[in-house]
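> Below is the file entry32.cif, with mmCIF, C-alpha atoms.
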data_final
#
loop_
_atom_site.group_PDB
_atom_site.id
_atom_site.type_symbol
_atom_site.label_atom_id
_atom_site.label_comp_id
_atom_site.auth_asym_id
_atom_site.auth_seq_id
_atom_site.Cartn_x
_atom_site.Cartn_y
_atom_site.Cartn_z
ATOM 1 C CA LEU J 1 43.969 71.203 61.905
ATOM 2 C CA ASN J 2 43.906 71.460 58.169
ATOM 3 C CA LEU J 3 46.927 73.334 56.829
ATOM 4 C CA ASN J 4 47.706 73.259 53.205
ATOM 5 C CA LYS J 5 51.248 72.919 51.942
ATOM 6 C CA ARG J 6 51.607 76.636 51.129
ATOM 7 C CA THR J 7 50.582 77.777 54.619
ATOM 8 C CA LEU J 8 52.971 75.290 56.259
ATOM 9 C CA ILE J 9 55.889 76.484 54.106
ATOM 10 C CA GLY J 10 55.008 80.107 54.897
ATOM 11 C CA ILE J 11 55.014 79.404 58.659
ATOM 12 C CA MET J 12 58.378 77.605 58.375
ATOM 13 C CA ILE J 13 59.903 80.542 56.465
ATOM 14 C CA VAL J 14 58.660 83.026 59.094
ATOM 15 C CA VAL J 15 60.091 80.855 61.924
ATOM 16 C CA ILE J 16 63.447 80.560 60.129
ATOM 17 C CA LEU J 17 63.587 84.315 59.466
ATOM 18 C CA LEU J 18 62.719 85.122 63.103
ATOM 19 C CA SER J 19 65.384 82.652 64.253
ATOM 20 C CA LEU J 20 68.016 84.258 62.031
ATOM 21 C CA ILE J 21 67.071 87.731 63.268
ATOM 22 C CA TRP J 22 67.350 86.498 66.875
ATOM 23 C CA ILE J 23 70.783 84.946 66.217
ATOM 24 C CA ILE J 24 72.027 88.172 64.652
ATOM 25 C CA LEU J 25 70.608 90.486 67.338
ATOM 26 C CA THR J 26 71.492 88.427 70.434
ATOM 27 C CA PRO J 27 75.162 89.562 70.649
ATOM 28 C CA VAL J 28 74.080 93.163 70.117
ATOM 29 C CA LEU J 29 71.299 93.097 72.705
ATOM 30 C CA PHE J 30 73.186 90.878 75.196
ATOM 31 C CA PRO J 31 76.943 91.464 74.877
ATOM 32 C CA PRO J 32 79.139 88.679 76.257
ATOM 33 C CA ALA J 33 80.700 89.204 79.696
ATOM 34 C CA GLN J 34 84.329 90.207 79.514
ATOM 35 C CA ALA J 35 86.731 87.866 81.256
ATOM 36 C CA SER J 36 89.325 89.445 83.489
ATOM 37 C CA VAL J 37 92.528 90.233 81.646
ATOM 38 C CA LEU J 38 94.489 89.788 84.860
ATOM 39 C CA SER J 39 95.935 86.383 85.406
ATOM 40 C CA ALA J 40 96.979 84.981 88.723
ATOM 41 C CA PRO J 41 100.621 85.627 89.618
ATOM 42 C CA HIS J 42 102.985 82.777 88.747
ATOM 43 C CA ALA J 43 106.672 82.039 89.259
ATOM 44 C CA GLY J 44 108.826 83.851 86.729
ATOM 45 C CA PHE J 45 106.400 86.725 86.170
ATOM 46 C CA ASN J 46 106.765 90.198 87.670
ATOM 47 C CA ALA J 47 105.186 90.624 91.089
ATOM 48 C CA PRO J 48 102.300 93.123 90.936
ATOM 49 C CA ASP J 49 103.277 96.344 92.692
ATOM 50 C CA PHE J 50 101.206 97.745 95.520
ATOM 51 C CA SER J 51 101.465 100.542 98.042
ATOM 52 C CA LEU J 52 99.897 100.125 101.480
ATOM 53 C CA SER J 53 100.166 101.788 104.866
ATOM 54 C CA THR J 54 101.392 100.474 108.196
ATOM 55 C CA PRO J 55 99.303 101.005 111.346
ATOM 56 C CA ALA J 56 101.577 104.041 111.988
ATOM 57 C CA ASN J 57 100.435 105.409 108.588
ATOM 58 C CA GLU J 58 103.833 104.915 106.906
ATOM 59 C CA SER J 59 103.414 104.047 103.216
ATOM 60 C CA ILE J 60 105.409 101.106 101.823
ATOM 61 C CA SER J 61 105.443 99.969 98.197
ATOM 62 C CA LEU J 62 106.755 96.663 96.945
ATOM 63 C CA SER J 63 108.633 98.565 94.231
ATOM 64 C CA ASP J 64 110.522 100.484 96.977
ATOM 65 C CA LEU J 65 112.238 97.194 97.822
ATOM 66 C CA GLU J 66 113.556 96.421 94.340
ATOM 67 C CA GLY J 67 117.011 94.857 94.604
ATOM 68 C CA GLN J 68 116.065 92.983 97.779
ATOM 69 C CA PRO J 69 114.490 89.569 98.295
ATOM 70 C CA VAL J 70 110.992 90.032 99.719
ATOM 71 C CA LEU J 71 108.363 87.764 101.208
ATOM 72 C CA VAL J 72 104.831 89.110 100.769
ATOM 73 C CA LEU J 73 102.593 87.345 103.291
ATOM 74 C CA PHE J 74 98.806 87.744 103.150
ATOM 75 C CA TRP J 75 97.380 86.903 106.578
ATOM 76 C CA ALA J 76 94.534 87.556 109.043
ATOM 77 C CA SER J 77 94.351 87.537 112.841
ATOM 78 C CA TRP J 78 91.680 84.809 112.826
ATOM 79 C CA CYS J 79 93.832 82.488 110.656
ATOM 80 C CA SER J 80 95.347 79.738 112.819
ATOM 81 C CA VAL J 81 97.791 78.633 110.092
ATOM 82 C CA CYS J 82 98.974 82.252 109.732
ATOM 83 C CA LYS J 83 99.583 82.430 113.474
ATOM 84 C CA ALA J 84 101.481 79.129 113.356
ATOM 85 C CA ILE J 85 103.951 80.190 110.636
ATOM 86 C CA MET J 86 104.572 83.823 111.622
ATOM 87 C CA PRO J 87 106.965 83.144 114.562
ATOM 88 C CA GLY J 88 109.230 81.123 112.229
ATOM 89 C CA LEU J 89 109.173 83.984 109.740
ATOM 90 C CA GLN J 90 110.308 86.327 112.525
ATOM 91 C CA GLU J 91 113.305 84.043 113.162
ATOM 92 C CA VAL J 92 114.249 84.100 109.467
ATOM 93 C CA TYR J 93 113.755 87.869 109.347
ATOM 94 C CA ALA J 94 116.033 88.345 112.367
ATOM 95 C CA ASP J 95 118.761 86.311 110.636
ATOM 96 C CA PHE J 96 118.460 87.745 107.101
ATOM 97 C CA ALA J 97 117.252 91.360 107.459
ATOM 98 C CA ALA J 98 120.845 92.611 107.626
ATOM 99 C CA LYS J 99 121.401 90.979 104.200
ATOM 100 C CA GLY J 100 118.526 92.971 102.689
ATOM 101 C CA PHE J 101 115.667 90.506 103.194
ATOM 102 C CA GLU J 102 112.257 92.062 103.870
ATOM 103 C CA ILE J 103 108.902 90.627 104.891
ATOM 104 C CA LEU J 104 105.702 92.525 104.137
ATOM 105 C CA ALA J 105 102.934 91.091 106.309
ATOM 106 C CA VAL J 106 99.853 92.239 104.398
ATOM 107 C CA ASN J 107 96.815 91.959 106.642
ATOM 108 C CA ALA J 108 93.722 91.053 104.624
ATOM 109 C CA THR J 109 91.897 93.779 106.531
ATOM 110 C CA ASN J 110 88.845 93.531 104.280
ATOM 111 C CA GLN J 111 88.380 90.056 105.843
ATOM 112 C CA ASP J 112 89.654 90.881 109.333
ATOM 113 C CA SER J 113 89.143 93.256 112.230
ATOM 114 C CA LEU J 114 91.810 95.969 112.061
ATOM 115 C CA PRO J 115 92.008 96.432 115.866
ATOM 116 C CA ALA J 116 92.320 92.654 116.358
ATOM 117 C CA ALA J 117 95.006 92.411 113.670
ATOM 118 C CA ILE J 118 97.060 95.278 115.110
ATOM 119 C CA GLU J 119 96.709 93.950 118.660
ATOM 120 C CA TYR J 120 97.785 90.442 117.650
ATOM 121 C CA PHE J 121 100.726 91.608 115.527
ATOM 122 C CA GLN J 122 102.075 93.990 118.185
ATOM 123 C CA SER J 123 101.544 91.511 121.040
ATOM 124 C CA GLN J 124 103.767 88.995 119.254
ATOM 125 C CA GLY J 125 106.612 91.493 118.887
ATOM 126 C CA TYR J 126 107.071 90.987 115.151
ATOM 127 C CA THR J 127 109.630 93.408 113.771
ATOM 128 C CA TYR J 128 108.822 93.100 110.070
ATOM 129 C CA PRO J 129 106.295 95.594 108.692
ATOM 130 C CA MET J 130 102.562 94.973 108.935
ATOM 131 C CA LEU J 131 100.596 96.517 106.062
ATOM 132 C CA ILE J 132 96.873 97.213 106.003
ATOM 133 C CA ASP J 133 94.941 96.095 102.913
ATOM 134 C CA GLU J 134 91.612 97.582 103.974
ATOM 135 C CA ALA J 135 90.117 97.812 100.487
ATOM 136 C CA GLY J 136 91.562 94.452 99.377
ATOM 137 C CA ILE J 137 93.535 96.052 96.535
ATOM 138 C CA ALA J 138 96.716 94.005 97.000
ATOM 139 C CA SER J 139 94.722 90.847 97.731
ATOM 140 C CA ARG J 140 92.841 91.262 94.444
ATOM 141 C CA SER J 141 95.972 91.973 92.409
ATOM 142 C CA TYR J 142 97.490 88.719 93.727
ATOM 143 C CA GLN J 143 94.132 86.928 93.453
ATOM 144 C CA VAL J 144 94.386 85.715 97.043
ATOM 145 C CA ARG J 145 91.770 83.012 97.621
ATOM 146 C CA ALA J 146 93.103 81.470 100.845
ATOM 147 C CA LEU J 147 95.114 82.579 103.846
ATOM 148 C CA PRO J 148 97.954 82.474 104.353
ATOM 149 C CA THR J 149 99.257 83.124 100.862
ATOM 150 C CA ALA J 150 102.964 83.868 100.594
ATOM 151 C CA ILE J 151 104.868 85.149 97.580
ATOM 152 C CA VAL J 152 108.656 84.958 97.465
ATOM 153 C CA VAL J 153 109.862 87.854 95.297
ATOM 154 C CA ASN J 154 113.346 87.869 93.769
ATOM 155 C CA PRO J 155 115.504 91.012 93.957
ATOM 156 C CA ASP J 156 114.649 91.731 90.285
ATOM 157 C CA GLY J 157 110.928 91.897 91.180
ATOM 158 C CA SER J 158 109.985 88.554 89.655
ATOM 159 C CA ILE J 159 108.016 85.954 91.569
ATOM 160 C CA ARG J 160 110.205 83.087 92.699
ATOM 161 C CA ASP J 161 107.467 81.020 94.323
ATOM 162 C CA LEU J 162 103.918 81.218 95.596
ATOM 163 C CA VAL J 163 102.950 79.163 98.643
ATOM 164 C CA ILE J 164 99.370 78.799 99.832
ATOM 165 C CA GLY J 165 98.546 77.449 103.285
ATOM 166 C CA SER J 166 100.886 75.715 105.674
ATOM 167 C CA GLY J 167 103.616 74.932 103.127
ATOM 168 C CA LEU J 168 105.607 78.029 104.094
ATOM 169 C CA SER J 169 108.032 76.846 106.754
ATOM 170 C CA GLU J 170 111.044 78.458 108.351
ATOM 171 C CA GLY J 171 113.306 75.831 106.735
ATOM 172 C CA TYR J 172 111.854 76.368 103.275
ATOM 173 C CA LEU J 173 112.238 80.150 103.507
ATOM 174 C CA ARG J 174 115.842 79.874 104.766
ATOM 175 C CA SER J 175 116.668 77.563 101.869
ATOM 176 C CA GLU J 176 115.149 79.922 99.284
ATOM 177 C CA LEU J 177 116.945 82.938 100.766
ATOM 178 C CA LEU J 178 120.301 81.148 100.705
ATOM 179 C CA LYS J 179 119.717 80.320 97.014
ATOM 180 C CA ILE J 180 118.754 83.935 96.254
ATOM 181 C CA LEU J 181 121.804 85.281 98.061
ATOM 182 C CA ASP J 182 124.080 82.806 96.251
ATOM 183 C CA GLU J 183 122.602 83.914 92.902
ATOM 184 C CA ARG J 184 123.364 87.553 93.721
ATOM 185 C CA GLU J 185 127.059 86.840 94.245
#
So, in terms of structure tokens, how does the structure I just supplied come out?

Amino acid sequence: LNLNKRTLIGIMIVVILLSLIWIILTPVLFPPAQASVLSAPHAGFNAPDFSLSTPANESISLSDLEGQPVLVLFWASWCSVCKAIMPGLQEVYADFAAKGFEILAVNATNQDSLPAAIEYFQSQGYTYPMLIDEAGIASRSYQVRALPTAIVVNPDGSIRDLVIGSGLSEGYLRSELLKILDERE
């Protein structure tokens, strides 16, 4: 291959110009993906509001419970850890409901069988509300990645704590509620 100096320089200039054009046009032709502006809920931040229905088609919103301590529990009927912690939550609910405490048991219905969830919940005799998250709206707003996920919400609507998995015990919840009630007085 016999290329003279002029031809080689010409080829290099064409390659450089094409490279520059590609660099300039790439963001226009292939715009960058937008990252989600939502961040995962954290302690101290406001709890995202949601409105879901019970199996009896009664609508309940988290914002309806402002002024009360609330536990938002994301669960499923197939989740063995969920089933293990829920009886203890019922005990806490029985003791603290008269003081304004509420539990919202949000069934991750988009990952569960609605008939199985309703049957399990009713067969256990839980008296706190079960909510149906069929479209996964509440689960997405809380960025739920594992079940159970529990969010302790202060009376002012801020998140006090977020507990994923088996860390939510009856003793822990009682302790947090006593602190919340002391802070209110």
> Go ahead and compute the interatomic distance for CA of Val70 (chain J) and CA of Asn110 (chain J), in Å to one decimal.
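Taking CA of Val70 (chain J) and CA of Asn110 (chain J), their separation equals 22.9 Å.
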> Using all atoms listed in the file, determine which residues lie at most 8 Å from Pro48 (chain J), disregarding the query and same-chain residues fewer than 3 positions distant; provide the list as a list in words.
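The residues that qualify are Pro41, Ser141 and Tyr142 of chain J.
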> Specify as an MDAnalysis selection string each residue included when the PyMOL selection byres ((chain J and resi 77-93) around 7) is applied to this file.
chainID J and resid 75:76 94:97 101 112 116:117 120 126 147:148 165:166 169:170 174
> Residues of the last selection are to be written out with C-alpha atoms, as an mmCIF file, in the coordinates of the input.

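Saved the output as out.cif:
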data_model
loop_
_atom_site.group_PDB
_atom_site.id
_atom_site.type_symbol
_atom_site.label_atom_id
_atom_site.label_comp_id
_atom_site.auth_asym_id
_atom_site.auth_seq_id
_atom_site.Cartn_x
_atom_site.Cartn_y
_atom_site.Cartn_z
ATOM 1 C CA TRP J 75 97.380 86.903 106.578
ATOM 2 C CA ALA J 76 94.534 87.556 109.043
ATOM 3 C CA ALA J 94 116.033 88.345 112.367
ATOM 4 C CA ASP J 95 118.761 86.311 110.636
ATOM 5 C CA PHE J 96 118.460 87.745 107.101
ATOM 6 C CA ALA J 97 117.252 91.360 107.459
ATOM 7 C CA PHE J 101 115.667 90.506 103.194
ATOM 8 C CA ASP J 112 89.654 90.881 109.333
ATOM 9 C CA ALA J 116 92.320 92.654 116.358
ATOM 10 C CA ALA J 117 95.006 92.411 113.670
ATOM 11 C CA TYR J 120 97.785 90.442 117.650
ATOM 12 C CA TYR J 126 107.071 90.987 115.151
ATOM 13 C CA LEU J 147 95.114 82.579 103.846
ATOM 14 C CA PRO J 148 97.954 82.474 104.353
ATOM 15 C CA GLY J 165 98.546 77.449 103.285
ATOM 16 C CA SER J 166 100.886 75.715 105.674
ATOM 17 C CA SER J 169 108.032 76.846 106.754
ATOM 18 C CA GLU J 170 111.044 78.458 108.351
ATOM 19 C CA ARG J 174 115.842 79.874 104.766
#
> Near Gly157 (chain J), counting all atoms listed in the file, which residues have an atom at most 12 Å away, once you skip same-chain residues fewer than 2 positions from it, shown as a PyMOL selection string?
chain J and resi 43-49+62-72+151-155+159-161
> What would the selection look like, as a list in words, if the PyMOL selection byres ((chain J and resi 135) around 10) were run on the coordinates I just shared?
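The output of the PyMOL selection byres ((chain J and resi 135) around 10) on this file is Ala108, Thr109, Asn110, Gln111, Ile132, Asp133, Glu134, Gly136, Ile137, Ala138, Ser139 and Arg140 of chain J.
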> Between J:Leu52, J:Ile118, J:Val144, J:Ile164, which one has atoms that come closest to Leu104 (chain J), using all atoms listed in the file?
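Ranked by minimum distance to Leu104 (chain J), first place goes to J:Leu52.
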> From the list J:Leu168, J:Gly100, J:Val163, J:Leu114, which residue is nearest Arg184 (chain J) when using only C-alpha atoms?
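Checking each candidate against Arg184 (chain J), we get J:Gly100 as the closest.
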> Provide the CA of Pro55 (chain J) to CA of Met130 (chain J) distance in Å, to one decimal place.
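Between CA of Pro55 (chain J) and CA of Met130 (chain J) the gap works out to 7.3 Å.
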> The centre and edge lengths of an axis-aligned box containing all atoms of region 139-155 of chain J present in the file, extended by 5 Å on each side, are to be given in Å to one decimal, as JSON.

{"center_x": 103.6, "center_y": 86.7, "center_z": 98.4, "size_x": 33.7, "size_y": 20.5, "size_z": 21.9}
> How far is it from CA of Leu131 (chain J) to CA of Thr149 (chain J), in Å with one decimal?
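CA of Thr149 (chain J) lies 14.4 Å from CA of Leu131 (chain J).
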> Could you model N, CA and C atoms for region 42-66 of chain J and present them as a PDB file, keeping the file's coordinate frame?

ATOM      1  N   HIS J  42     102.283  84.059  88.848  1.00  0.00           N
ATOM      2  CA  HIS J  42     102.985  82.777  88.747  1.00  0.00           C
ATOM      3  C   HIS J  42     104.482  83.012  88.825  1.00  0.00           C
ATOM      4  N   ALA J  43     105.213  81.976  89.204  1.00  0.00           N
ATOM      5  CA  ALA J  43     106.672  82.039  89.259  1.00  0.00           C
ATOM      6  C   ALA J  43     107.215  82.471  87.902  1.00  0.00           C
ATOM      7  N   GLY J  44     108.185  83.368  87.943  1.00  0.00           N
ATOM      8  CA  GLY J  44     108.826  83.851  86.729  1.00  0.00           C
ATOM      9  C   GLY J  44     108.239  85.145  86.197  1.00  0.00           C
ATOM     10  N   PHE J  45     107.034  85.483  86.607  1.00  0.00           N
ATOM     11  CA  PHE J  45     106.400  86.725  86.170  1.00  0.00           C
ATOM     12  C   PHE J  45     106.683  87.824  87.181  1.00  0.00           C
ATOM     13  N   ASN J  46     106.547  89.075  86.757  1.00  0.00           N
ATOM     14  CA  ASN J  46     106.765  90.198  87.670  1.00  0.00           C
ATOM     15  C   ASN J  46     105.689  90.218  88.747  1.00  0.00           C
ATOM     16  N   ALA J  47     106.121  90.507  89.973  1.00  0.00           N
ATOM     17  CA  ALA J  47     105.186  90.624  91.089  1.00  0.00           C
ATOM     18  C   ALA J  47     104.405  91.927  90.937  1.00  0.00           C
ATOM     19  N   PRO J  48     103.085  91.884  91.029  1.00  0.00           N
ATOM     20  CA  PRO J  48     102.300  93.123  90.936  1.00  0.00           C
ATOM     21  C   PRO J  48     102.693  94.089  92.061  1.00  0.00           C
ATOM     22  N   ASP J  49     102.902  95.339  91.700  1.00  0.00           N
ATOM     23  CA  ASP J  49     103.277  96.344  92.692  1.00  0.00           C
ATOM     24  C   ASP J  49     102.049  96.771  93.477  1.00  0.00           C
ATOM     25  N   PHE J  50     102.270  97.183  94.699  1.00  0.00           N
ATOM     26  CA  PHE J  50     101.206  97.745  95.520  1.00  0.00           C
ATOM     27  C   PHE J  50     101.840  98.717  96.496  1.00  0.00           C
ATOM     28  N   SER J  51     101.032  99.582  97.028  1.00  0.00           N
ATOM     29  CA  SER J  51     101.465 100.542  98.042  1.00  0.00           C
ATOM     30  C   SER J  51     100.410 100.548  99.132  1.00  0.00           C
ATOM     31  N   LEU J  52     100.821 100.191 100.350  1.00  0.00           N
ATOM     32  CA  LEU J  52      99.897 100.125 101.480  1.00  0.00           C
ATOM     33  C   LEU J  52     100.516 100.840 102.674  1.00  0.00           C
ATOM     34  N   SER J  53      99.695 101.091 103.666  1.00  0.00           N
ATOM     35  CA  SER J  53     100.166 101.788 104.866  1.00  0.00           C
ATOM     36  C   SER J  53     100.317 100.833 106.036  1.00  0.00           C
ATOM     37  N   THR J  54     101.227 101.179 106.928  1.00  0.00           N
ATOM     38  CA  THR J  54     101.392 100.474 108.196  1.00  0.00           C
ATOM     39  C   THR J  54     100.365 101.043 109.176  1.00  0.00           C
ATOM     40  N   PRO J  55     100.187 100.413 110.341  1.00  0.00           N
ATOM     41  CA  PRO J  55      99.303 101.005 111.346  1.00  0.00           C
ATOM     42  C   PRO J  55      99.755 102.401 111.791  1.00  0.00           C
ATOM     43  N   ALA J  56     101.054 102.712 111.649  1.00  0.00           N
ATOM     44  CA  ALA J  56     101.577 104.041 111.988  1.00  0.00           C
ATOM     45  C   ALA J  56     101.437 105.021 110.824  1.00  0.00           C
ATOM     46  N   ASN J  57     100.715 104.586 109.770  1.00  0.00           N
ATOM     47  CA  ASN J  57     100.435 105.409 108.588  1.00  0.00           C
ATOM     48  C   ASN J  57     101.675 105.702 107.734  1.00  0.00           C
ATOM     49  N   GLU J  58     102.665 104.822 107.782  1.00  0.00           N
ATOM     50  CA  GLU J  58     103.833 104.915 106.906  1.00  0.00           C
ATOM     51  C   GLU J  58     103.511 104.109 105.636  1.00  0.00           C
ATOM     52  N   SER J  59     103.719 104.707 104.475  1.00  0.00           N
ATOM     53  CA  SER J  59     103.414 104.047 103.216  1.00  0.00           C
ATOM     54  C   SER J  59     104.621 103.235 102.742  1.00  0.00           C
ATOM     55  N   ILE J  60     104.357 101.985 102.347  1.00  0.00           N
ATOM     56  CA  ILE J  60     105.409 101.106 101.823  1.00  0.00           C
ATOM     57  C   ILE J  60     104.905 100.510 100.519  1.00  0.00           C
ATOM     58  N   SER J  61     105.754 100.572  99.495  1.00  0.00           N
ATOM     59  CA  SER J  61     105.443  99.969  98.197  1.00  0.00           C
ATOM     60  C   SER J  61     106.389  98.807  97.962  1.00  0.00           C
ATOM     61  N   LEU J  62     105.892  97.787  97.301  1.00  0.00           N
ATOM     62  CA  LEU J  62     106.755  96.663  96.945  1.00  0.00           C
ATOM     63  C   LEU J  62     107.894  97.145  96.058  1.00  0.00           C
ATOM     64  N   SER J  63     107.605  98.069  95.154  1.00  0.00           N
ATOM     65  CA  SER J  63     108.633  98.565  94.231  1.00  0.00           C
ATOM     66  C   SER J  63     109.748  99.323  94.961  1.00  0.00           C
ATOM     67  N   ASP J  64     109.481  99.824  96.181  1.00  0.00           N
ATOM     68  CA  ASP J  64     110.522 100.484  96.977  1.00  0.00           C
ATOM     69  C   ASP J  64     111.619  99.503  97.377  1.00  0.00           C
ATOM     70  N   LEU J  65     111.310  98.222  97.335  1.00  0.00           N
ATOM     71  CA  LEU J  65     112.238  97.194  97.822  1.00  0.00           C
ATOM     72  C   LEU J  65     112.944  96.466  96.681  1.00  0.00           C
ATOM     73  N   GLU J  66     112.875  97.036  95.479  1.00  0.00           N
ATOM     74  CA  GLU J  66     113.556  96.421  94.340  1.00  0.00           C
ATOM     75  C   GLU J  66     115.038  96.269  94.664  1.00  0.00           C
TER      76      GLU J  66
END
